[in-house]
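Heads up, query-v7.pdb below (PDB, C-alpha atoms):
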```
ATOM      1  CA  MET A  26     -17.773 171.017  69.074
ATOM      2  CA  LEU A  27     -16.417 167.868  70.741
ATOM      3  CA  VAL A  28     -13.481 168.665  73.059
ATOM      4  CA  LEU A  29     -11.103 166.251  74.747
ATOM      5  CA  GLY A  30      -9.980 167.610  78.128
ATOM      6  CA  LEU A  31      -6.741 166.574  79.868
ATOM      7  CA  GLU A  32      -5.915 167.474  83.492
ATOM      8  CA  THR A  33      -2.438 166.765  84.939
ATOM      9  CA  SER A  34      -1.680 169.708  87.226
ATOM     10  CA  CYS A  35      -0.752 167.709  90.308
ATOM     11  CA  ASP A  36      -1.571 164.195  91.518
ATOM     12  CA  GLU A  37      -4.693 163.261  89.575
ATOM     13  CA  THR A  38      -4.918 162.303  85.906
ATOM     14  CA  GLY A  39      -8.249 163.432  84.482
ATOM     15  CA  VAL A  40      -9.653 162.918  80.990
ATOM     16  CA  ALA A  41     -13.083 163.890  79.681
ATOM     17  CA  LEU A  42     -15.091 164.453  76.526
ATOM     18  CA  TYR A  43     -17.373 167.495  76.413
ATOM     19  CA  ASP A  44     -19.698 168.355  73.548
ATOM     20  CA  SER A  45     -20.880 171.947  73.185
ATOM     21  CA  GLU A  46     -24.397 170.763  72.292
ATOM     22  CA  ARG A  47     -24.800 167.476  74.178
ATOM     23  CA  GLY A  48     -22.822 168.320  77.312
ATOM     24  CA  LEU A  49     -20.460 165.981  79.139
ATOM     25  CA  LEU A  50     -20.248 162.615  77.366
ATOM     26  CA  ALA A  51     -17.673 160.770  79.485
ATOM     27  CA  ASP A  52     -14.996 161.382  82.080
ATOM     28  CA  ALA A  53     -12.389 159.289  83.864
ATOM     29  CA  LEU A  54      -9.998 159.992  86.710
ATOM     30  CA  PHE A  55      -7.056 158.239  88.296
ATOM     31  CA  SER A  56      -5.983 159.499  91.702
ATOM     32  CA  GLN A  57      -2.414 159.037  92.910
ATOM     33  CA  ILE A  58      -3.303 159.221  96.622
ATOM     34  CA  ASP A  59      -2.073 155.702  97.385
ATOM     35  CA  LEU A  60       1.192 156.398  95.536
ATOM     36  CA  HIS A  61       2.013 159.517  97.565
ATOM     37  CA  ARG A  62       0.566 158.481 100.922
ATOM     38  CA  ALA A  63       3.767 156.681 101.934
ATOM     39  CA  TYR A  64       5.621 160.002 101.641
ATOM     40  CA  GLY A  65       3.039 162.137 103.429
ATOM     41  CA  GLY A  66       2.582 164.397 100.411
ATOM     42  CA  VAL A  67       2.949 164.713  96.659
ATOM     43  CA  VAL A  68       6.332 163.745  95.184
ATOM     44  CA  PRO A  69       6.543 165.722  91.899
ATOM     45  CA  GLU A  70       8.728 163.248  89.978
ATOM     46  CA  LEU A  71       6.504 160.311  90.890
ATOM     47  CA  ALA A  72       3.430 162.323  89.928
ATOM     48  CA  SER A  73       4.838 163.104  86.484
ATOM     49  CA  ARG A  74       5.801 159.508  85.805
ATOM     50  CA  ASP A  75       2.379 158.239  86.801
ATOM     51  CA  HIS A  76       0.636 160.757  84.515
ATOM     52  CA  VAL A  77       2.677 159.329  81.621
ATOM     53  CA  LYS A  78       1.536 155.843  82.573
ATOM     54  CA  ARG A  79      -2.166 156.689  82.904
ATOM     55  CA  MET A  80      -2.852 159.216  80.149
ATOM     56  CA  LEU A  81      -3.351 157.126  77.011
ATOM     57  CA  PRO A  82      -5.338 154.324  78.726
ATOM     58  CA  LEU A  83      -7.699 156.950  80.175
ATOM     59  CA  ILE A  84      -8.135 158.599  76.768
ATOM     60  CA  ARG A  85      -9.056 155.215  75.276
ATOM     61  CA  GLN A  86     -11.461 154.633  78.168
ATOM     62  CA  VAL A  87     -13.426 157.856  77.706
ATOM     63  CA  LEU A  88     -13.590 157.363  73.942
ATOM     64  CA  ASP A  89     -15.050 153.908  74.479
ATOM     65  CA  GLU A  90     -17.529 155.124  77.100
ATOM     66  CA  ALA A  91     -18.717 157.936  74.833
ATOM     67  CA  GLY A  92     -18.907 155.684  71.791
ATOM     68  CA  CYS A  93     -16.525 157.967  69.925
ATOM     69  CA  VAL A  94     -13.374 157.559  67.875
ATOM     70  CA  ALA A  95     -10.402 159.864  67.509
ATOM     71  CA  THR A  96     -11.681 161.369  64.253
ATOM     72  CA  ASP A  97     -14.796 162.626  66.092
ATOM     73  CA  ILE A  98     -12.742 164.963  68.282
ATOM     74  CA  ASP A  99     -12.705 168.600  67.151
ATOM     75  CA  ALA A 100     -10.191 170.048  69.639
ATOM     76  CA  ILE A 101      -8.126 169.306  72.743
ATOM     77  CA  ALA A 102      -7.965 171.311  75.969
ATOM     78  CA  TYR A 103      -5.243 170.734  78.543
ATOM     79  CA  THR A 104      -4.194 172.251  81.851
ATOM     80  CA  ALA A 105      -1.322 174.670  81.176
ATOM     81  CA  GLY A 106      -0.990 175.952  84.759
ATOM     82  CA  PRO A 107      -0.725 176.677  87.550
ATOM     83  CA  GLY A 108       0.638 173.431  88.960
ATOM     84  CA  LEU A 109       3.683 171.178  89.097
ATOM     85  CA  VAL A 110       5.761 171.884  85.977
ATOM     86  CA  GLY A 111       6.658 168.246  85.298
ATOM     87  CA  ALA A 112       3.069 167.103  85.676
ATOM     88  CA  LEU A 113       1.779 169.951  83.498
ATOM     89  CA  LEU A 114       4.268 169.082  80.771
ATOM     90  CA  VAL A 115       2.888 165.543  80.521
ATOM     91  CA  GLY A 116      -0.608 166.770  79.684
ATOM     92  CA  ALA A 117       0.605 169.612  77.478
ATOM     93  CA  SER A 118       2.951 167.464  75.399
ATOM     94  CA  CYS A 119       0.350 164.731  74.999
ATOM     95  CA  ALA A 120      -2.304 167.254  73.952
ATOM     96  CA  GLN A 121      -0.069 169.013  71.447
ATOM     97  CA  ALA A 122       1.164 165.729  69.965
ATOM     98  CA  LEU A 123      -2.376 164.445  69.467
ATOM     99  CA  ALA A 124      -3.531 167.804  68.098
ATOM    100  CA  PHE A 125      -0.701 167.739  65.563
ATOM    101  CA  ALA A 126      -1.385 164.120  64.607
ATOM    102  CA  TRP A 127      -5.137 164.648  64.277
ATOM    103  CA  ASP A 128      -4.796 168.135  62.694
ATOM    104  CA  ILE A 129      -7.080 169.803  65.233
ATOM    105  CA  PRO A 130      -6.579 172.862  67.473
ATOM    106  CA  ALA A 131      -5.406 172.695  71.090
ATOM    107  CA  ILE A 132      -5.734 175.205  73.915
ATOM    108  CA  GLY A 133      -4.074 175.541  77.310
ATOM    109  CA  VAL A 134      -6.541 176.072  80.155
ATOM    110  CA  HIS A 135      -5.987 177.828  83.471
ATOM    111  CA  HIS A 136      -6.481 175.253  86.214
ATOM    112  CA  MET A 137      -8.360 177.621  88.543
ATOM    113  CA  GLU A 138     -10.606 178.857  85.735
ATOM    114  CA  GLY A 139     -11.511 175.218  85.243
ATOM    115  CA  HIS A 140     -12.465 174.932  88.914
ATOM    116  CA  LEU A 141     -14.379 178.207  88.795
ATOM    117  CA  LEU A 142     -16.451 177.033  85.822
ATOM    118  CA  ALA A 143     -17.030 173.466  87.086
ATOM    119  CA  PRO A 144     -20.484 174.373  88.526
ATOM    120  CA  MET A 145     -21.523 175.179  84.942
ATOM    121  CA  LEU A 146     -21.619 171.401  84.359
ATOM    122  CA  GLU A 147     -24.521 171.039  86.810
ATOM    123  CA  PRO A 148     -28.214 170.980  85.831
ATOM    124  CA  THR A 149     -28.767 174.407  87.443
ATOM    125  CA  PRO A 150     -25.658 176.481  86.718
ATOM    126  CA  PRO A 151     -25.004 179.978  88.043
ATOM    127  CA  THR A 152     -25.385 183.029  85.829
ATOM    128  CA  PHE A 153     -22.980 185.960  85.593
ATOM    129  CA  PRO A 154     -22.135 188.038  87.535
ATOM    130  CA  PHE A 155     -21.295 186.288  90.806
ATOM    131  CA  VAL A 156     -18.699 186.118  93.552
ATOM    132  CA  ALA A 157     -16.514 182.997  93.511
ATOM    133  CA  LEU A 158     -14.701 181.460  96.460
ATOM    134  CA  LEU A 159     -11.864 179.325  95.093
ATOM    135  CA  VAL A 160     -10.656 176.964  97.804
ATOM    136  CA  SER A 161      -8.191 174.270  96.832
ATOM    137  CA  GLY A 162      -4.920 172.841  98.097
ATOM    138  CA  GLY A 163      -2.912 175.749  96.741
ATOM    139  CA  HIS A 164      -5.402 178.603  96.434
ATOM    140  CA  THR A 165      -7.873 180.521  98.574
ATOM    141  CA  GLN A 166      -9.264 183.467  96.637
ATOM    142  CA  LEU A 167     -12.383 185.589  96.427
ATOM    143  CA  VAL A 168     -13.061 186.737  92.874
ATOM    144  CA  ARG A 169     -15.759 188.850  91.274
ATOM    145  CA  VAL A 170     -16.761 187.119  88.042
ATOM    146  CA  ASP A 171     -18.582 189.138  85.380
ATOM    147  CA  GLY A 172     -17.991 186.608  82.601
ATOM    148  CA  ILE A 173     -15.437 184.119  81.361
ATOM    149  CA  GLY A 174     -12.090 185.872  81.597
ATOM    150  CA  GLN A 175     -13.610 188.858  83.413
ATOM    151  CA  TYR A 176     -12.126 188.360  86.856
ATOM    152  CA  GLN A 177     -11.464 190.865  89.640
ATOM    153  CA  LEU A 178      -9.461 189.562  92.584
ATOM    154  CA  LEU A 179     -11.126 190.691  95.814
ATOM    155  CA  GLY A 180      -8.994 188.854  98.360
ATOM    156  CA  GLU A 181      -6.620 185.936  98.757
ATOM    157  CA  SER A 182      -4.615 184.005 101.310
ATOM    158  CA  LEU A 183      -1.462 185.727 102.492
ATOM    159  CA  ASP A 184       0.156 182.428 103.519
ATOM    160  CA  ASP A 185      -1.310 178.907 103.640
ATOM    161  CA  ALA A 186      -4.384 178.280 101.528
ATOM    162  CA  ALA A 187      -7.345 176.669 103.294
ATOM    163  CA  GLY A 188      -6.649 173.287 101.710
ATOM    164  CA  GLU A 189      -2.983 173.485 102.709
ATOM    165  CA  ALA A 190      -3.986 174.347 106.266
ATOM    166  CA  PHE A 191      -6.241 171.279 106.396
ATOM    167  CA  ASP A 192      -3.507 168.968 105.093
ATOM    168  CA  LYS A 193      -0.694 170.422 107.196
ATOM    169  CA  THR A 194      -2.783 170.447 110.376
ATOM    170  CA  ALA A 195      -3.737 166.818 109.807
ATOM    171  CA  LYS A 196      -0.078 165.887 109.359
ATOM    172  CA  LEU A 197       0.885 167.690 112.568
ATOM    173  CA  MET A 198      -1.803 165.688 114.369
ATOM    174  CA  GLY A 199      -0.501 162.403 113.009
ATOM    175  CA  LEU A 200      -3.302 161.828 110.502
ATOM    176  CA  ARG A 201      -2.708 160.152 107.158
ATOM    177  CA  TYR A 202      -2.434 161.913 103.815
ATOM    178  CA  PRO A 203      -4.490 163.549 102.370
ATOM    179  CA  GLY A 204      -5.399 165.312 105.584
ATOM    180  CA  GLY A 205      -8.436 167.376 104.570
ATOM    181  CA  PRO A 206     -10.898 164.477 104.395
ATOM    182  CA  GLU A 207      -9.413 163.024 107.611
ATOM    183  CA  ILE A 208     -10.031 166.270 109.512
ATOM    184  CA  ALA A 209     -13.596 166.410 108.186
ATOM    185  CA  ARG A 210     -14.213 162.767 109.139
ATOM    186  CA  LEU A 211     -13.019 163.299 112.712
ATOM    187  CA  ALA A 212     -14.896 166.592 113.032
ATOM    188  CA  GLU A 213     -18.213 164.846 112.449
ATOM    189  CA  LEU A 214     -17.751 163.069 115.808
ATOM    190  CA  GLY A 215     -16.298 166.038 117.710
ATOM    191  CA  ILE A 216     -17.952 167.684 120.723
ATOM    192  CA  PRO A 217     -18.879 171.289 119.875
ATOM    193  CA  GLY A 218     -17.614 173.973 122.221
ATOM    194  CA  ARG A 219     -14.900 172.029 123.991
ATOM    195  CA  PHE A 220     -12.252 174.019 122.087
ATOM    196  CA  VAL A 221     -12.766 177.411 120.481
ATOM    197  CA  PHE A 222     -10.143 178.542 117.972
ATOM    198  CA  PRO A 223      -9.603 182.064 116.588
ATOM    199  CA  ARG A 224     -11.155 183.209 113.329
ATOM    200  CA  PRO A 225      -8.087 184.785 111.675
ATOM    201  CA  MET A 226      -8.332 188.255 110.111
ATOM    202  CA  THR A 227     -12.072 188.564 110.721
ATOM    203  CA  ASP A 228     -11.611 191.330 113.291
ATOM    204  CA  ARG A 229     -10.337 193.765 110.674
ATOM    205  CA  PRO A 230     -11.717 195.001 107.347
ATOM    206  CA  GLY A 231     -10.744 193.405 104.065
ATOM    207  CA  LEU A 232     -11.158 190.146 102.203
ATOM    208  CA  ASP A 233      -7.726 188.564 102.557
ATOM    209  CA  PHE A 234      -7.133 185.311 104.446
ATOM    210  CA  SER A 235      -4.418 183.901 106.710
ATOM    211  CA  PHE A 236      -4.485 180.336 108.014
ATOM    212  CA  SER A 237      -0.877 179.824 109.073
ATOM    213  CA  GLY A 238      -1.491 181.057 112.623
ATOM    214  CA  LEU A 239      -4.574 178.885 112.975
ATOM    215  CA  LYS A 240      -2.483 175.872 112.008
ATOM    216  CA  THR A 241       0.009 176.707 114.771
ATOM    217  CA  PHE A 242      -2.796 177.301 117.292
ATOM    218  CA  THR A 243      -4.214 173.871 116.496
ATOM    219  CA  LEU A 244      -0.819 172.198 116.924
ATOM    220  CA  ASN A 245      -0.275 173.888 120.302
ATOM    221  CA  THR A 246      -3.722 172.791 121.477
ATOM    222  CA  TRP A 247      -3.108 169.201 120.415
ATOM    223  CA  GLN A 248       0.307 169.184 122.090
ATOM    224  CA  GLN A 249      -1.267 170.485 125.302
ATOM    225  CA  CYS A 250      -3.715 167.590 125.170
ATOM    226  CA  GLN A 251      -0.841 165.145 124.714
ATOM    227  CA  ASN A 252       1.247 166.689 127.493
ATOM    228  CA  SER A 253      -1.659 166.428 129.907
ATOM    229  CA  GLY A 254      -2.246 162.793 129.016
ATOM    230  CA  ASP A 255      -5.541 163.614 127.253
ATOM    231  CA  ASP A 256      -4.600 162.480 123.753
ATOM    232  CA  SER A 257      -7.596 160.199 123.302
ATOM    233  CA  GLU A 258      -9.355 159.714 119.994
ATOM    234  CA  GLN A 259     -12.199 161.891 121.287
ATOM    235  CA  SER A 260      -9.780 164.734 122.007
ATOM    236  CA  ARG A 261      -8.434 164.399 118.471
ATOM    237  CA  ARG A 262     -11.988 164.632 117.164
ATOM    238  CA  ASP A 263     -12.713 167.705 119.277
ATOM    239  CA  VAL A 264      -9.560 169.493 118.086
ATOM    240  CA  ALA A 265     -10.402 168.614 114.473
ATOM    241  CA  LEU A 266     -13.912 170.001 114.915
ATOM    242  CA  ALA A 267     -12.640 173.250 116.434
ATOM    243  CA  PHE A 268     -10.169 173.693 113.576
ATOM    244  CA  GLN A 269     -12.777 172.992 110.907
ATOM    245  CA  GLN A 270     -15.284 175.337 112.533
ATOM    246  CA  ALA A 271     -12.697 178.122 112.567
ATOM    247  CA  VAL A 272     -11.869 177.684 108.880
ATOM    248  CA  VAL A 273     -15.519 177.395 107.836
ATOM    249  CA  GLU A 274     -16.643 180.421 109.819
ATOM    250  CA  THR A 275     -13.712 182.488 108.554
ATOM    251  CA  LEU A 276     -14.532 181.633 104.937
ATOM    252  CA  THR A 277     -18.223 182.341 105.541
ATOM    253  CA  ILE A 278     -17.557 185.752 107.101
ATOM    254  CA  LYS A 279     -15.345 186.779 104.185
ATOM    255  CA  CYS A 280     -17.863 185.534 101.610
ATOM    256  CA  ARG A 281     -20.613 187.541 103.290
ATOM    257  CA  ARG A 282     -18.416 190.645 103.152
ATOM    258  CA  ALA A 283     -17.635 190.044  99.489
ATOM    259  CA  LEU A 284     -21.305 189.724  98.551
ATOM    260  CA  LYS A 285     -22.200 192.908 100.419
ATOM    261  CA  GLN A 286     -19.217 194.784  98.994
ATOM    262  CA  THR A 287     -20.083 193.865  95.399
ATOM    263  CA  GLY A 288     -23.845 194.066  95.797
ATOM    264  CA  LEU A 289     -24.209 190.594  94.272
ATOM    265  CA  ASN A 290     -26.333 187.765  95.680
ATOM    266  CA  SER A 291     -24.892 184.728  93.898
ATOM    267  CA  LEU A 292     -21.922 182.848  95.319
ATOM    268  CA  VAL A 293     -19.959 180.047  93.649
ATOM    269  CA  ILE A 294     -17.609 177.836  95.653
ATOM    270  CA  ALA A 295     -15.111 175.707  93.761
ATOM    271  CA  GLY A 296     -11.995 173.649  94.388
ATOM    272  CA  GLY A 297     -11.309 170.619  96.541
ATOM    273  CA  VAL A 298     -12.339 172.208  99.851
ATOM    274  CA  SER A 299     -15.752 173.078  98.365
ATOM    275  CA  ALA A 300     -16.665 169.412  98.842
ATOM    276  CA  ASN A 301     -16.550 169.928 102.632
ATOM    277  CA  ARG A 302     -20.113 169.449 103.880
ATOM    278  CA  ALA A 303     -19.756 171.787 106.838
ATOM    279  CA  LEU A 304     -18.594 174.580 104.527
ATOM    280  CA  ARG A 305     -21.454 173.999 102.113
ATOM    281  CA  THR A 306     -24.022 174.078 104.902
ATOM    282  CA  SER A 307     -22.588 177.258 106.393
ATOM    283  CA  LEU A 308     -22.531 179.065 103.042
ATOM    284  CA  GLU A 309     -26.036 177.870 102.191
ATOM    285  CA  ASP A 310     -27.336 179.305 105.471
ATOM    286  CA  MET A 311     -25.461 182.571 104.961
ATOM    287  CA  THR A 312     -26.641 183.141 101.393
ATOM    288  CA  ALA A 313     -30.217 182.195 102.314
ATOM    289  CA  ALA A 314     -30.174 184.864 105.026
ATOM    290  CA  LEU A 315     -29.103 187.373 102.363
ATOM    291  CA  LYS A 316     -31.812 186.065 100.007
ATOM    292  CA  GLY A 317     -29.105 184.834  97.663
ATOM    293  CA  ASN A 318     -27.923 181.527  96.248
ATOM    294  CA  VAL A 319     -24.817 179.398  96.448
ATOM    295  CA  PHE A 320     -23.653 177.107  93.625
ATOM    296  CA  TYR A 321     -21.093 174.319  93.607
ATOM    297  CA  ALA A 322     -20.095 171.311  91.560
ATOM    298  CA  ARG A 323     -20.868 167.714  92.453
ATOM    299  CA  PRO A 324     -18.203 166.237  94.763
ATOM    300  CA  ALA A 325     -16.476 164.371  91.915
ATOM    301  CA  PHE A 326     -15.909 167.676  90.104
ATOM    302  CA  CYS A 327     -14.709 169.627  93.151
ATOM    303  CA  THR A 328     -11.310 167.975  93.045
ATOM    304  CA  ASP A 329      -9.124 168.030  89.917
ATOM    305  CA  ASN A 330     -10.840 166.485  86.886
ATOM    306  CA  GLY A 331     -10.815 166.494  83.113
ATOM    307  CA  ALA A 332     -14.445 167.589  82.753
ATOM    308  CA  MET A 333     -13.819 171.114  84.020
ATOM    309  CA  ILE A 334     -10.833 171.497  81.670
ATOM    310  CA  ALA A 335     -12.834 170.242  78.686
ATOM    311  CA  TYR A 336     -15.676 172.664  79.493
ATOM    312  CA  ALA A 337     -13.455 175.691  80.072
ATOM    313  CA  GLY A 338     -11.428 174.917  76.959
ATOM    314  CA  CYS A 339     -14.568 174.483  74.882
ATOM    315  CA  GLN A 340     -15.824 177.960  75.792
ATOM    316  CA  ARG A 341     -12.552 179.572  74.718
ATOM    317  CA  LEU A 342     -12.284 177.473  71.575
ATOM    318  CA  LEU A 343     -15.802 178.494  70.566
ATOM    319  CA  ALA A 344     -14.667 182.108  70.957
ATOM    320  CA  GLY A 345     -11.879 181.457  68.450
ATOM    321  CA  GLN A 346      -8.963 181.024  70.826
ATOM    322  CA  HIS A 347      -6.336 178.301  70.403
ATOM    323  CA  GLU A 348      -2.603 177.728  70.871
ATOM    324  CA  ASP A 349       0.241 177.226  68.425
ATOM    325  CA  LEU A 350       2.282 174.013  68.547
ATOM    326  CA  ALA A 351       4.647 175.278  71.267
ATOM    327  CA  ILE A 352       4.478 173.324  74.527
ATOM    328  CA  THR A 353       4.194 176.023  77.188
ATOM    329  CA  VAL A 354       3.160 175.622  80.823
ATOM    330  CA  GLN A 355       3.243 177.952  83.825
ATOM    331  CA  ALA A 356       3.788 176.904  87.435
ATOM    332  CA  ARG A 357       2.416 180.298  88.514
ATOM    333  CA  TRP A 358      -0.253 182.061  86.494
ATOM    334  CA  PRO A 359      -2.468 184.878  87.860
ATOM    335  CA  MET A 360      -6.003 184.301  86.661
ATOM    336  CA  GLU A 361      -6.499 188.029  86.060
ATOM    337  CA  GLN A 362      -4.104 187.739  83.090
ATOM    338  CA  LEU A 363      -6.581 185.646  81.110
ATOM    339  CA  PRO A 364      -8.251 187.337  78.140
ATOM    340  CA  ALA A 365     -11.960 188.022  78.404
ATOM    341  CA  LEU A 366     -14.432 186.394  76.029
TER
END
```
Whole structure given in structure tokens:
Amino acid sequence: MLVLGLETSCDETGVALYDSERGLLADALFSQIDLHRAYGGVVPELASRDHVKRMLPLIRQVLDEAGCVATDIDAIAYTAGPGLVGALLVGASCAQALAFAWDIPAIGVHHMEGHLLAPMLEPTPPTFPFVALLVSGGHTQLVRVDGIGQYQLLGESLDDAAGEAFDKTAKLMGLRYPGGPEIARLAELGIPGRFVFPRPMTDRPGLDFSFSGLKTFTLNTWQQCQNSGDDSEQSRRDVALAFQQAVVETLTIKCRRALKQTGLNSLVIAGGVSANRALRTSLEDMTAALKGNVFYARPAFCTDNGAMIAYAGCQRLLAGQHEDLAITVQARWPMEQLPAL
């Protein structure tokens, strides 16, 4: 089965072609970072308009790269939520229109299920069951995964997600959008130990997260540096390193708890923050100490992309699932509501 995947949940337009027998044939992505940078964050209306502009050229591009034509496509998968409603509607309406025109089925895919399954596109994919850490701009969740659609929520962020905390902290420190990569870049040159930040909610049982207080702690520390006249670039690097270390260690502690609680030894990390090298190294060391394994997607597939949507959609289509012609999207959509395969 050859599936065309469309991703338009936020500020990146992703298109890919995935074949159930040959694997990923082609993928293309257009990021709107430069468009939104002037505003310090994503502007929903601008995001939607740019998806409209990019979608069809990207579809033509992946068809050309794969050496395919429209009549080769067996089905279309698109992101139906969660995400920005206007952006989601662009992908959903395009997918349903093409499915109607080409007389093929279409299926709406859960954005976070796409992220969760992205490591399946790698040469050595994980096997079920495993614990998944989903860390993106809008989500921080620990999930037990026994199969596609078999999800048990173990813990989640009670306020800011890890990715949000990275971006908001960077903005408070005067760094450019998107802030996550900027924090990571500065942290590489920071002096360890100069600042030590709290590891939120690690001193109590449970698997929930909270990063809002850490964001405030970081701002207060940076303001103290500025007030004392020590607002050098090195001080900015040191604060960034302390913040990143706190987030990474907090996530690592919770992942270790989740593995011990479930009795599993395989961990999957997915979502934009999973591209953070410090986080990957910490989780690799932790799982190795437990004689387990950690799996993640290549950096290009950690952020939003069409390949993960095409793959996730293909698995559900092969199981006989598909949508009617109604264009339906959901800004909020608990992953536990998905049917199991």
(message) Env of stretch 187-197 of chain A: 7 Å cut, atoms = all atoms listed in the file, seq-sep filter 6 positions within chain, self excluded. Answer as a list in words.
(response) Val160, Ser161, Gly162, Gly163, Thr165, Pro203, Gly204, Gly205, Ile208, Phe236, Ser237, Lys240, Leu244 and Val298 of chain A
(message) Given the PyMOL selection byres ((chain A and resi 122-133) around 8) and the file above, list the residues it selects as a ChimeraX atom specification.
(response) /A:95-96,99-105,117-121,134-135,338,342,346-350
(request) Have a look at atom CA of A:Val168 and atom CA of A:Cys327 and let me know their distance in Å, one decimal. (result) 17.2 Å
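When only C-alpha atoms are used to measure the gap to A:Pro217, the shortest distance among A:Ala335, A:Ala267, A:Val77, A:Leu42 belongs to A:Ala267.
Within the file as shown, the PyMOL selection byres ((chain A and resi 323) around 8) identifies Pro144, Glu147, Ala300, Tyr321, Ala322, Pro324, Ala325, Phe326 and Cys327 of chain A.
Between atom CA of A:Leu29 and atom CA of A:Val156 there is a distance of 28.4 Å.
If you measure from each of A:Leu141, A:Leu366, A:Val354, A:Leu114 to A:Thr33 using only C-alpha atoms, the closest one turns out to be A:Leu114.
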(message) List as a VMD selection string the protein and nucleic acid residues near A:Leu49, meaning an atom at most 10 Å away when only C-alpha atoms are counted, but skip any in the same chain fewer than 3 places from it.
(response) chain A and resid 27 to 28 41 to 46 52 91 146 332 to 333 335 to 336
Restricting it to C-alpha atoms, dump the selection as a PDB file, keeping the file's coordinate frame.
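Output contents, as saved in again-v4.pdb:
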```
ATOM      1  CA  LEU A  27     -16.417 167.868  70.741  1.00  0.00           C
ATOM      2  CA  VAL A  28     -13.481 168.665  73.059  1.00  0.00           C
ATOM      3  CA  ALA A  41     -13.083 163.890  79.681  1.00  0.00           C
ATOM      4  CA  LEU A  42     -15.091 164.453  76.526  1.00  0.00           C
ATOM      5  CA  TYR A  43     -17.373 167.495  76.413  1.00  0.00           C
ATOM      6  CA  ASP A  44     -19.698 168.355  73.548  1.00  0.00           C
ATOM      7  CA  SER A  45     -20.880 171.947  73.185  1.00  0.00           C
ATOM      8  CA  GLU A  46     -24.397 170.763  72.292  1.00  0.00           C
ATOM      9  CA  ASP A  52     -14.996 161.382  82.080  1.00  0.00           C
ATOM     10  CA  ALA A  91     -18.717 157.936  74.833  1.00  0.00           C
ATOM     11  CA  LEU A 146     -21.619 171.401  84.359  1.00  0.00           C
ATOM     12  CA  ALA A 332     -14.445 167.589  82.753  1.00  0.00           C
ATOM     13  CA  MET A 333     -13.819 171.114  84.020  1.00  0.00           C
ATOM     14  CA  ALA A 335     -12.834 170.242  78.686  1.00  0.00           C
ATOM     15  CA  TYR A 336     -15.676 172.664  79.493  1.00  0.00           C
TER      16      TYR A 336
END
```
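The spacing separating atom CA of A:Ser182 from atom CA of A:Gln340 amounts to 28.5 Å.
Running the PyMOL selection byres ((chain A and resi 34) around 6) on this file leaves Thr33, Cys35, Gly108, Leu109, Ala112 and Leu113 of chain A selected.
Within a radius of 8 Å around (-7.2, 165.4, 96.1), the polymer residues are Asp36, Glu37, Ser56, Ile58, Pro203, Gly297, Thr328 and Asp329 of chain A, counting all atoms listed in the file.
With distances restricted to only C-alpha atoms, A:Met145 is the closest residue to A:Ala337 from A:Ala72, A:Ala63, A:Met145, A:Glu90.
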(request) Measuring atom to atom with all atoms listed in the file, identify which of A:Ile294, A:Ala186, A:Leu363, A:Leu304 is nearest to A:Leu142. (result) A:Ile294
(message) Need to verify the contact set: A:Cys280, 8 Å, all atoms listed in the file, exclusion of same-chain residues closer than 5 positions in sequence. Can you return it as a VMD selection string?
(response) chain A and resid 158 167 292
(message) From (3.3, 163.0, 80.4), in the file's coordinates, out to 6 Å: which residues are reached, counting all atoms listed in the file? Answer as a VMD selection string.
(response) chain A and resid 76 to 77 115 to 116
With C-alpha atoms retained, export the selected residues as a PDB file, in the frame of the given file.
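What landed in part26.pdb:
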```pdb
ATOM      1  CA  HIS A  76       0.636 160.757  84.515  1.00  0.00           C
ATOM      2  CA  VAL A  77       2.677 159.329  81.621  1.00  0.00           C
ATOM      3  CA  VAL A 115       2.888 165.543  80.521  1.00  0.00           C
ATOM      4  CA  GLY A 116      -0.608 166.770  79.684  1.00  0.00           C
TER       5      GLY A 116
END
```
(request) For A:Met226, list every protein, DNA or RNA residue within 10 Å, evaluated using all atoms listed in the file, and leave out those in the same chain fewer than 6 positions away; present the list as a PyMOL selection string. (result) chain A and resi 232-236+275+279
(message) Just checking: using all atoms listed in the file, which residue out of A:Val40, A:Met311, A:Val272, A:Val110 ends up closest to A:Arg357?
(response) A:Val110
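With all atoms listed in the file as the atoms that count, the residue of A:Gly39, A:Pro206, A:Gly106, A:Gly180 with the shortest distance to A:Arg302 is A:Pro206.
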Axis-aligned box for all listed atoms of stretch 184-200 of chain A, 4 Å per side, centre and edges in Å to one decimal, as lines of an AutoDock Vina configuration file:
```
center_x = -3.2
center_y = 172.1
center_z = 107.9
size_x = 16.2
size_y = 28.6
size_z = 20.8
```
(request) Quick one: everything within 7 Å of A:Ala212, counting only C-alpha atoms, minus sequence neighbours fewer than 6 positions away in the same chain. Send it as a ChimeraX atom specification. (result) /A:262-263,265-266
